[in-house]
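Okay, upload.cif now, which holds mmCIF, C-alpha atoms and all ligand atoms:
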data_input
loop_
_atom_site.label_atom_id
_atom_site.label_comp_id
_atom_site.auth_asym_id
_atom_site.auth_seq_id
_atom_site.Cartn_x
_atom_site.Cartn_y
_atom_site.Cartn_z
CA MET A 1 11.60 -14.47 -0.54
CA THR A 2 12.87 -15.12 2.97
CA GLU A 3 13.70 -18.76 3.62
CA THR A 4 11.66 -20.67 6.18
CA THR A 5 13.99 -21.11 9.11
CA THR A 6 13.57 -23.46 12.01
CA SER A 7 12.37 -22.58 15.47
CA GLY A 8 14.30 -23.48 18.66
CA GLY A 9 13.27 -27.15 18.54
CA GLY A 10 14.40 -27.53 14.90
CA ARG A 11 10.77 -27.54 13.72
CA PRO A 12 9.97 -25.35 10.68
CA SER A 13 8.20 -22.17 11.80
CA LEU A 14 4.88 -21.88 9.96
CA PRO A 15 3.13 -18.94 11.61
CA MET A 16 -0.03 -19.08 9.48
CA GLN A 17 -0.46 -22.84 9.57
CA GLY A 18 -3.96 -23.71 10.79
CA VAL A 19 -4.99 -20.06 11.14
CA PRO A 20 -8.57 -19.65 9.80
CA GLN A 21 -8.79 -17.27 6.85
CA PRO A 22 -11.86 -15.63 5.30
CA SER A 23 -12.63 -16.28 1.65
CA ARG A 24 -12.58 -13.61 -1.08
CA ASP A 25 -16.39 -13.60 -1.15
CA GLU A 26 -16.53 -12.83 2.56
CA VAL A 27 -14.57 -9.60 2.18
CA LEU A 28 -15.61 -8.40 -1.28
CA ASN A 29 -18.31 -6.09 0.02
CA LEU A 30 -16.59 -4.63 3.05
CA PRO A 31 -17.37 -0.92 3.43
CA ARG A 32 -14.64 1.56 2.41
CA VAL A 33 -12.74 -1.07 0.40
CA HIS A 34 -12.13 -0.13 -3.24
CA ILE A 35 -10.83 -2.77 -5.65
CA SER A 36 -9.77 -1.56 -9.08
CA SER A 37 -11.76 -2.83 -12.05
CA HIS A 38 -9.71 -1.01 -14.68
CA PRO A 39 -8.58 -3.20 -17.61
CA VAL A 40 -5.20 -1.44 -17.87
CA MET A 41 -4.60 -2.34 -14.23
CA ALA A 42 -5.43 -6.01 -14.90
CA HIS A 43 -3.02 -6.00 -17.85
CA LYS A 44 -0.16 -4.54 -15.81
CA MET A 45 -0.88 -6.90 -12.90
CA THR A 46 -0.28 -9.93 -15.11
CA ALA A 47 3.14 -8.62 -16.15
CA LEU A 48 3.96 -7.75 -12.54
CA ARG A 49 3.09 -11.21 -11.20
CA ASP A 50 5.02 -13.08 -13.91
CA LYS A 51 8.08 -14.69 -12.33
CA ASN A 52 10.13 -13.87 -15.44
CA THR A 53 9.67 -10.11 -14.95
CA GLN A 54 13.07 -8.77 -13.89
CA PRO A 55 13.68 -6.03 -11.27
CA PRO A 56 14.01 -3.00 -13.62
CA GLU A 57 10.73 -3.86 -15.36
CA PHE A 58 9.11 -4.87 -12.07
CA TYR A 59 9.97 -1.50 -10.49
CA ARG A 60 8.68 0.36 -13.55
CA LEU A 61 5.38 -1.55 -13.33
CA VAL A 62 5.03 -0.85 -9.59
CA LYS A 63 5.45 2.86 -10.38
CA GLU A 64 2.87 2.75 -13.17
CA ILE A 65 0.40 0.83 -11.00
CA GLY A 66 1.08 3.39 -8.25
CA ALA A 67 0.08 6.18 -10.64
CA LEU A 68 -3.14 4.34 -11.58
CA LEU A 69 -3.95 3.73 -7.91
CA ALA A 70 -3.23 7.39 -7.15
CA TYR A 71 -5.68 8.42 -9.85
CA GLU A 72 -8.39 6.16 -8.37
CA ALA A 73 -7.69 7.01 -4.71
CA THR A 74 -7.72 10.79 -5.28
CA ALA A 75 -11.07 10.85 -7.10
CA THR A 76 -12.93 12.22 -4.05
CA LEU A 77 -10.42 14.84 -2.87
CA ALA A 78 -11.75 18.22 -1.80
CA LEU A 79 -11.22 21.25 -4.02
CA GLU A 80 -11.26 24.96 -3.34
CA THR A 81 -11.83 27.76 -5.80
CA VAL A 82 -9.09 30.15 -6.86
CA PRO A 83 -9.27 33.19 -9.13
CA ILE A 84 -6.74 33.07 -11.99
CA GLU A 85 -6.06 34.85 -15.26
CA THR A 86 -5.87 32.80 -18.43
CA PRO A 87 -4.28 34.51 -21.47
CA MET A 88 -7.88 35.29 -22.46
CA GLY A 89 -9.06 36.81 -19.18
CA PRO A 90 -10.09 36.08 -15.58
CA MET A 91 -11.79 32.90 -14.43
CA ILE A 92 -12.42 30.98 -11.23
CA GLY A 93 -10.33 27.81 -11.19
CA GLU A 94 -10.08 24.98 -8.69
CA ARG A 95 -7.16 23.49 -6.80
CA LEU A 96 -6.73 20.77 -4.18
CA ALA A 97 -7.77 22.08 -0.78
CA GLY A 98 -4.90 21.37 1.63
CA GLY A 99 -1.79 19.28 1.30
CA ILE A 100 -1.51 15.65 0.29
CA GLY A 101 0.74 13.26 2.21
CA VAL A 102 2.12 9.98 0.92
CA THR A 103 3.70 7.55 3.38
CA PRO A 104 5.72 4.80 1.69
CA ILE A 105 6.14 1.82 3.99
CA LEU A 106 9.82 0.99 3.48
CA ARG A 107 11.07 -0.45 1.58
CA ALA A 108 8.58 -2.01 -0.84
CA GLY A 109 6.36 1.10 -0.74
CA LEU A 110 9.00 3.25 -2.45
CA GLY A 111 8.00 2.34 -6.00
CA LEU A 112 4.32 2.99 -5.29
CA ALA A 113 5.16 6.37 -3.77
CA GLU A 114 7.04 7.30 -6.96
CA GLY A 115 3.87 6.51 -8.91
CA PHE A 116 1.86 8.79 -6.61
CA ARG A 117 4.40 11.58 -7.18
CA GLU A 118 3.84 11.34 -10.94
CA VAL A 119 0.19 12.22 -10.31
CA ILE A 120 0.66 14.61 -7.36
CA PRO A 121 4.15 16.14 -7.61
CA ASP A 122 3.44 18.47 -4.66
CA ALA A 123 2.76 15.59 -2.27
CA GLN A 124 4.76 15.51 0.95
CA ILE A 125 6.56 12.17 1.34
CA TRP A 126 6.57 10.87 4.91
CA HIS A 127 8.88 7.82 5.12
CA LEU A 128 8.03 5.06 7.57
CA GLY A 129 10.19 1.95 7.90
CA LEU A 130 8.44 -1.24 9.02
CA ARG A 131 9.94 -4.69 8.74
CA ARG A 132 7.94 -7.87 9.10
CA ASP A 133 9.58 -10.49 11.33
CA GLU A 134 9.27 -13.59 9.17
CA GLN A 135 8.95 -15.89 12.22
CA THR A 136 6.23 -14.06 14.15
CA LEU A 137 4.86 -12.00 11.19
CA GLU A 138 4.81 -8.97 13.51
CA ALA A 139 5.91 -5.62 12.07
CA MET A 140 8.76 -3.69 13.71
CA GLU A 141 9.28 0.04 13.20
CA TYR A 142 12.89 0.95 12.31
CA TYR A 143 12.62 4.37 10.64
CA ASN A 144 10.27 7.32 11.05
CA GLN A 145 10.48 10.63 9.18
CA LEU A 146 6.97 11.87 9.92
CA PRO A 147 6.84 15.63 10.51
CA HIS A 148 5.07 16.98 13.59
CA ARG A 149 3.52 19.94 11.78
CA VAL A 150 0.56 18.60 9.82
CA ASP A 151 -1.05 20.58 7.02
CA LEU A 152 -2.80 17.85 5.04
CA GLN A 153 -6.33 17.06 3.91
CA VAL A 154 -5.37 13.39 3.46
CA CYS A 155 -2.46 11.01 3.84
CA TYR A 156 -2.04 7.85 1.74
CA ALA A 157 0.00 5.05 3.31
CA VAL A 158 1.33 2.98 0.40
CA ASP A 159 2.69 -0.58 0.46
CA PRO A 160 2.31 -3.13 -2.34
CA MET A 161 1.49 -6.19 -0.20
CA LEU A 162 -1.32 -6.46 2.37
CA ALA A 163 -0.66 -9.96 3.72
CA THR A 164 -1.44 -10.59 7.41
CA GLY A 165 -2.17 -6.88 7.88
CA GLY A 166 0.34 -6.45 10.71
CA SER A 167 2.33 -3.79 8.84
CA ALA A 168 -0.79 -1.96 7.64
CA ILE A 169 -2.39 -1.85 11.09
CA ASP A 170 0.83 -0.60 12.70
CA ALA A 171 1.37 2.02 9.98
CA ILE A 172 -2.13 3.41 10.53
CA ASN A 173 -1.55 3.37 14.32
CA VAL A 174 1.55 5.53 13.78
CA LEU A 175 -0.23 7.92 11.39
CA LYS A 176 -3.19 8.28 13.77
CA ARG A 177 -0.84 9.92 16.29
CA ARG A 178 -0.71 12.88 13.85
CA ALA A 179 -3.85 14.99 13.45
CA ILE A 180 -4.57 13.99 9.84
CA PRO A 181 -8.24 14.50 8.86
CA ARG A 182 -8.38 11.54 6.48
CA LEU A 183 -6.27 8.40 6.14
CA CYS A 184 -6.20 5.90 3.27
CA TYR A 185 -4.24 2.68 2.82
CA VAL A 186 -3.20 1.86 -0.73
CA GLY A 187 -1.76 -1.45 -1.89
CA ILE A 188 -1.36 -3.58 -4.98
CA ILE A 189 -2.37 -7.05 -3.75
CA ALA A 190 -4.39 -7.84 -0.62
CA ALA A 191 -5.18 -11.15 1.03
CA PRO A 192 -8.74 -11.49 2.41
CA TYR A 193 -7.23 -12.09 5.87
CA CYS A 194 -5.60 -8.63 5.81
CA LEU A 195 -8.64 -6.81 4.46
CA LEU A 196 -10.86 -8.18 7.23
CA ARG A 197 -8.32 -7.44 10.00
CA LEU A 198 -7.47 -3.97 8.73
CA SER A 199 -11.06 -2.88 8.22
CA GLN A 200 -12.12 -4.28 11.61
CA THR A 201 -9.21 -2.62 13.44
CA HIS A 202 -9.45 0.70 11.57
CA PRO A 203 -13.04 0.94 10.24
CA ASP A 204 -12.60 4.68 9.58
CA ILE A 205 -9.92 4.41 6.89
CA GLU A 206 -10.42 3.78 3.19
CA ILE A 207 -8.53 1.00 1.47
CA TYR A 208 -7.62 1.07 -2.24
CA ILE A 209 -6.11 -2.00 -3.88
CA ALA A 210 -5.42 -3.15 -7.42
CA THR A 211 -6.58 -6.70 -6.76
CA LEU A 212 -7.79 -9.14 -4.12
CA ASP A 213 -6.06 -12.53 -4.00
CA GLU A 214 -7.09 -15.91 -2.60
CA SER A 215 -5.24 -16.57 0.65
CA LEU A 216 -1.98 -16.65 2.60
CA ASN A 217 0.30 -19.68 2.65
CA ASP A 218 1.65 -21.16 5.89
CA VAL A 219 4.51 -18.63 6.07
CA GLY A 220 2.31 -15.60 5.40
CA TYR A 221 2.93 -15.07 1.69
CA ILE A 222 0.04 -14.12 -0.58
CA LEU A 223 -1.30 -16.70 -3.08
CA PRO A 224 -1.11 -16.47 -6.02
CA GLY A 225 0.61 -13.15 -5.23
CA LEU A 226 3.88 -12.13 -6.80
CA GLY A 227 6.50 -13.26 -4.29
CA ASP A 228 8.50 -10.72 -2.31
CA ALA A 229 7.67 -7.22 -3.55
CA GLY A 230 10.74 -5.61 -1.94
CA ASP A 231 13.21 -8.15 -3.30
CA ARG A 232 11.67 -8.06 -6.77
CA GLN A 233 11.86 -4.24 -6.94
CA PHE A 234 15.41 -3.96 -5.67
CA GLY A 235 17.00 -7.20 -6.92
CA THR A 236 17.88 -8.53 -3.45
CA PHE A 237 17.24 -12.23 -3.88
C1 LIG A 301 6.46 -6.71 3.17
C2 LIG A 301 5.44 -5.82 2.48
C3 LIG A 301 4.64 -5.29 3.65
C4 LIG A 301 4.61 -6.48 4.57
C5 LIG A 301 3.29 -7.16 4.41
O1 LIG A 301 7.48 -5.95 3.68
O2 LIG A 301 6.02 -4.81 1.71
O3 LIG A 301 5.23 -4.18 4.28
O4 LIG A 301 5.68 -7.35 4.18
O5 LIG A 301 3.14 -8.18 5.31
P1 LIG A 301 2.09 -8.14 6.51
O6 LIG A 301 0.78 -7.68 5.93
O7 LIG A 301 2.05 -9.57 6.94
O8 LIG A 301 2.62 -7.24 7.58
P2 LIG A 301 8.76 -6.54 4.42
O9 LIG A 301 8.56 -6.52 5.90
O10 LIG A 301 9.14 -7.86 3.81
O11 LIG A 301 9.89 -5.47 4.16
P3 LIG A 301 10.49 -4.87 2.81
O12 LIG A 301 9.49 -3.86 2.30
O13 LIG A 301 11.74 -4.24 3.27
O14 LIG A 301 10.74 -5.98 1.84
N1 LIG A 302 5.38 -9.46 1.62
C1 LIG A 302 5.63 -9.67 0.30
O1 LIG A 302 6.48 -9.00 -0.29
N2 LIG A 302 4.90 -10.60 -0.34
C2 LIG A 302 3.96 -11.35 0.26
O2 LIG A 302 3.33 -12.20 -0.39
C3 LIG A 302 3.73 -11.12 1.64
C4 LIG A 302 4.46 -10.17 2.29
#

Representation of the structure as structure tokens:
Amino acid sequence: MTETTTSGGGRPSLPMQGVPQPSRDEVLNLPRVHISSHPVMAHKMTALRDKNTQPPEFYRLVKEIGALLAYEATATLALETVPIETPMGPMIGERLAGGIGVTPILRAGLGLAEGFREVIPDAQIWHLGLRRDEQTLEAMEYYNQLPHRVDLQVCYAVDPMLATGGSAIDAINVLKRRAIPRLCYVGIIAAPYCLLRLSQTHPDIEIYIATLDESLNDVGYILPGLGDAGDRQFGTF
């Protein structure tokens, strides 16, 4: 977790101090927000949050949770029919209609994207680097490998932590400059503050999360949360 540094006057910088936040109940029924209710997800979430879970195990769990989220978030994808031959004869099968894009928000989104690839190996991976300034909590773009030729039915932006929503809103702004018919945001833990901001700013996107937490602390970390998802995946404490 990034240390709280001091602002110019030597005063600790607490960007969320005094900022009003909605409660869980106020955001639970937002349209287009899907919160997992799967017991296996709840089980894995407890192991993920545990402060004694070390980076190799933490990364493995992020990947597994990514695969479960991929399974839930792809449940309404469009199919097209395709004639095939089984060893027994001809039949009409089905396949996904159009490509699938996955945009990991670097760097913490990398583990989630790996989980998506377990479920959809053909997915195109569009890397987008955003870094949250820990003083202002604003996201800054530092890397963009989004192709200009788009042949997708949907793109999933994936990032484990939806805290103030700055990174999520900016990521969707970037993706909306490509002509993608459907956009989804997928995360592991969301704060109510982020869900409200993201769904008000981008009411047309769908949001899939494993769980909804209580609030943000004064420096913009999710409570009870899991700490810093990037540091815990990659061992950079
Ligand atoms: C974390 C996290 C999100 C962002 C969430 O990334 O993975 O991208 O913060 O915060 P927000 O909702 O307030 O924008 P961070 O910027 O720490 O970078 P990292 O992935 O490299 O650790
Ligand atoms: N980023 C994280 O990794 N964790 C939080 O709680 C908030 C932002």

Taking a cut-off of 12 Å and counting all atoms listed in the file, can you build a table that, for each residue of region 164-226 of chain A near region 52-75 of chain A, reports the nearest atom pair and how far apart they are in Å (one decimal), sorted by chain then residue number, as a Markdown table?
| residue | atom | partner | partner_atom | distance |
| --- | --- | --- | --- | --- |
| A:Arg182 | CA | A:Thr74 | CA | 11.8 |
| A:Leu183 | CA | A:Ala73 | CA | 11.0 |
| A:Cys184 | CA | A:Ala73 | CA | 8.2 |
| A:Tyr185 | CA | A:Ala73 | CA | 9.3 |
| A:Val186 | CA | A:Leu69 | CA | 7.5 |
| A:Gly187 | CA | A:Leu69 | CA | 8.2 |
| A:Ile188 | CA | A:Ile65 | CA | 7.7 |
| A:Ile189 | CA | A:Ile65 | CA | 11.1 |
| A:Glu206 | CA | A:Ala73 | CA | 9.0 |
| A:Ile207 | CA | A:Ala73 | CA | 8.7 |
| A:Tyr208 | CA | A:Ala73 | CA | 6.4 |
| A:Ile209 | CA | A:Leu69 | CA | 7.3 |
| A:Ala210 | CA | A:Leu69 | CA | 7.1 |
| A:Thr211 | CA | A:Leu69 | CA | 10.8 |
| A:Leu226 | CA | A:Thr53 | CA | 10.2 |

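Nearest residue to ligand LIG 301 (chain A) among A:Ser199, A:Asn29, A:Gln153, A:Thr136 is A:Thr136, counting only C-alpha atoms and all ligand atoms.
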
Env. residues ligand LIG 301 (chain A) / 7 Å / only C-alpha atoms and all ligand atoms / as a PyMOL selection string
chain A and resi 105-109+130-133+137-139+159-168+194+220+228-231

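Pairwise distance (CA of Glu214 (chain A), CA of Ile172 (chain A)) equals 23.9 Å.
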
Which residues come within 8 Å of Val219 (chain A), counting all atoms listed in the file, excluding same-chain residues fewer than 6 positions away, as an NGL selection string?
:A and (4 or 13-17 or 134)

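The space separating CA of Leu212 (chain A) from CA of Val27 (chain A) comes to 9.3 Å.
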
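Distances from A:Pro192, A:Gly235, A:Pro22, A:Gly225 to ligand LIG 302 (chain A) were compared using all atoms listed in the file, and the smallest one belongs to A:Gly225.
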
Using all atoms listed in the file, find the one residue out of A:Val154, A:Arg117, A:Pro87, A:Asp218 that sits nearest to Gln135 (chain A).
A:Asp218

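When only C-alpha atoms and all ligand atoms are used to measure the gap to ligand LIG 302 (chain A), the shortest distance among A:Pro90, A:Ile169, A:Arg49, A:Glu85 belongs to A:Arg49.
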
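The coordinates place CA of Ala190 (chain A) at 10.5 Å from CA of Tyr221 (chain A).
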
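Take the candidates A:Asp151, A:Glu118, A:Ala191, A:Leu196 and check each one against ligand LIG 302 (chain A) using all atoms listed in the file; the shortest distance goes to A:Ala191.
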
Proximity to ligand LIG 302 (chain A) - best of A:Arg232, A:Lys51, A:Arg178, A:Arg95, only C-alpha atoms and all ligand atoms
A:Arg232

Counting all atoms listed in the file, note down every residue that has an atom within 8 Å of the point (3.4, 13.4, 0.8) (file coordinates), as a tab-separated table (two decimals) with C-alpha atoms, keeping the file's coordinate frame.
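Below is the file result32.tsv, written as the result:
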chain	number	residue	atom	x	y	z
A	99	GLY	CA	-1.79	19.28	1.30
A	100	ILE	CA	-1.51	15.65	0.29
A	101	GLY	CA	0.74	13.26	2.21
A	102	VAL	CA	2.12	9.98	0.92
A	103	THR	CA	3.70	7.55	3.38
A	122	ASP	CA	3.44	18.47	-4.66
A	123	ALA	CA	2.76	15.59	-2.27
A	124	GLN	CA	4.76	15.51	0.95
A	125	ILE	CA	6.56	12.17	1.34
A	126	TRP	CA	6.57	10.87	4.91
A	155	CYS	CA	-2.46	11.01	3.84
A	156	TYR	CA	-2.04	7.85	1.74
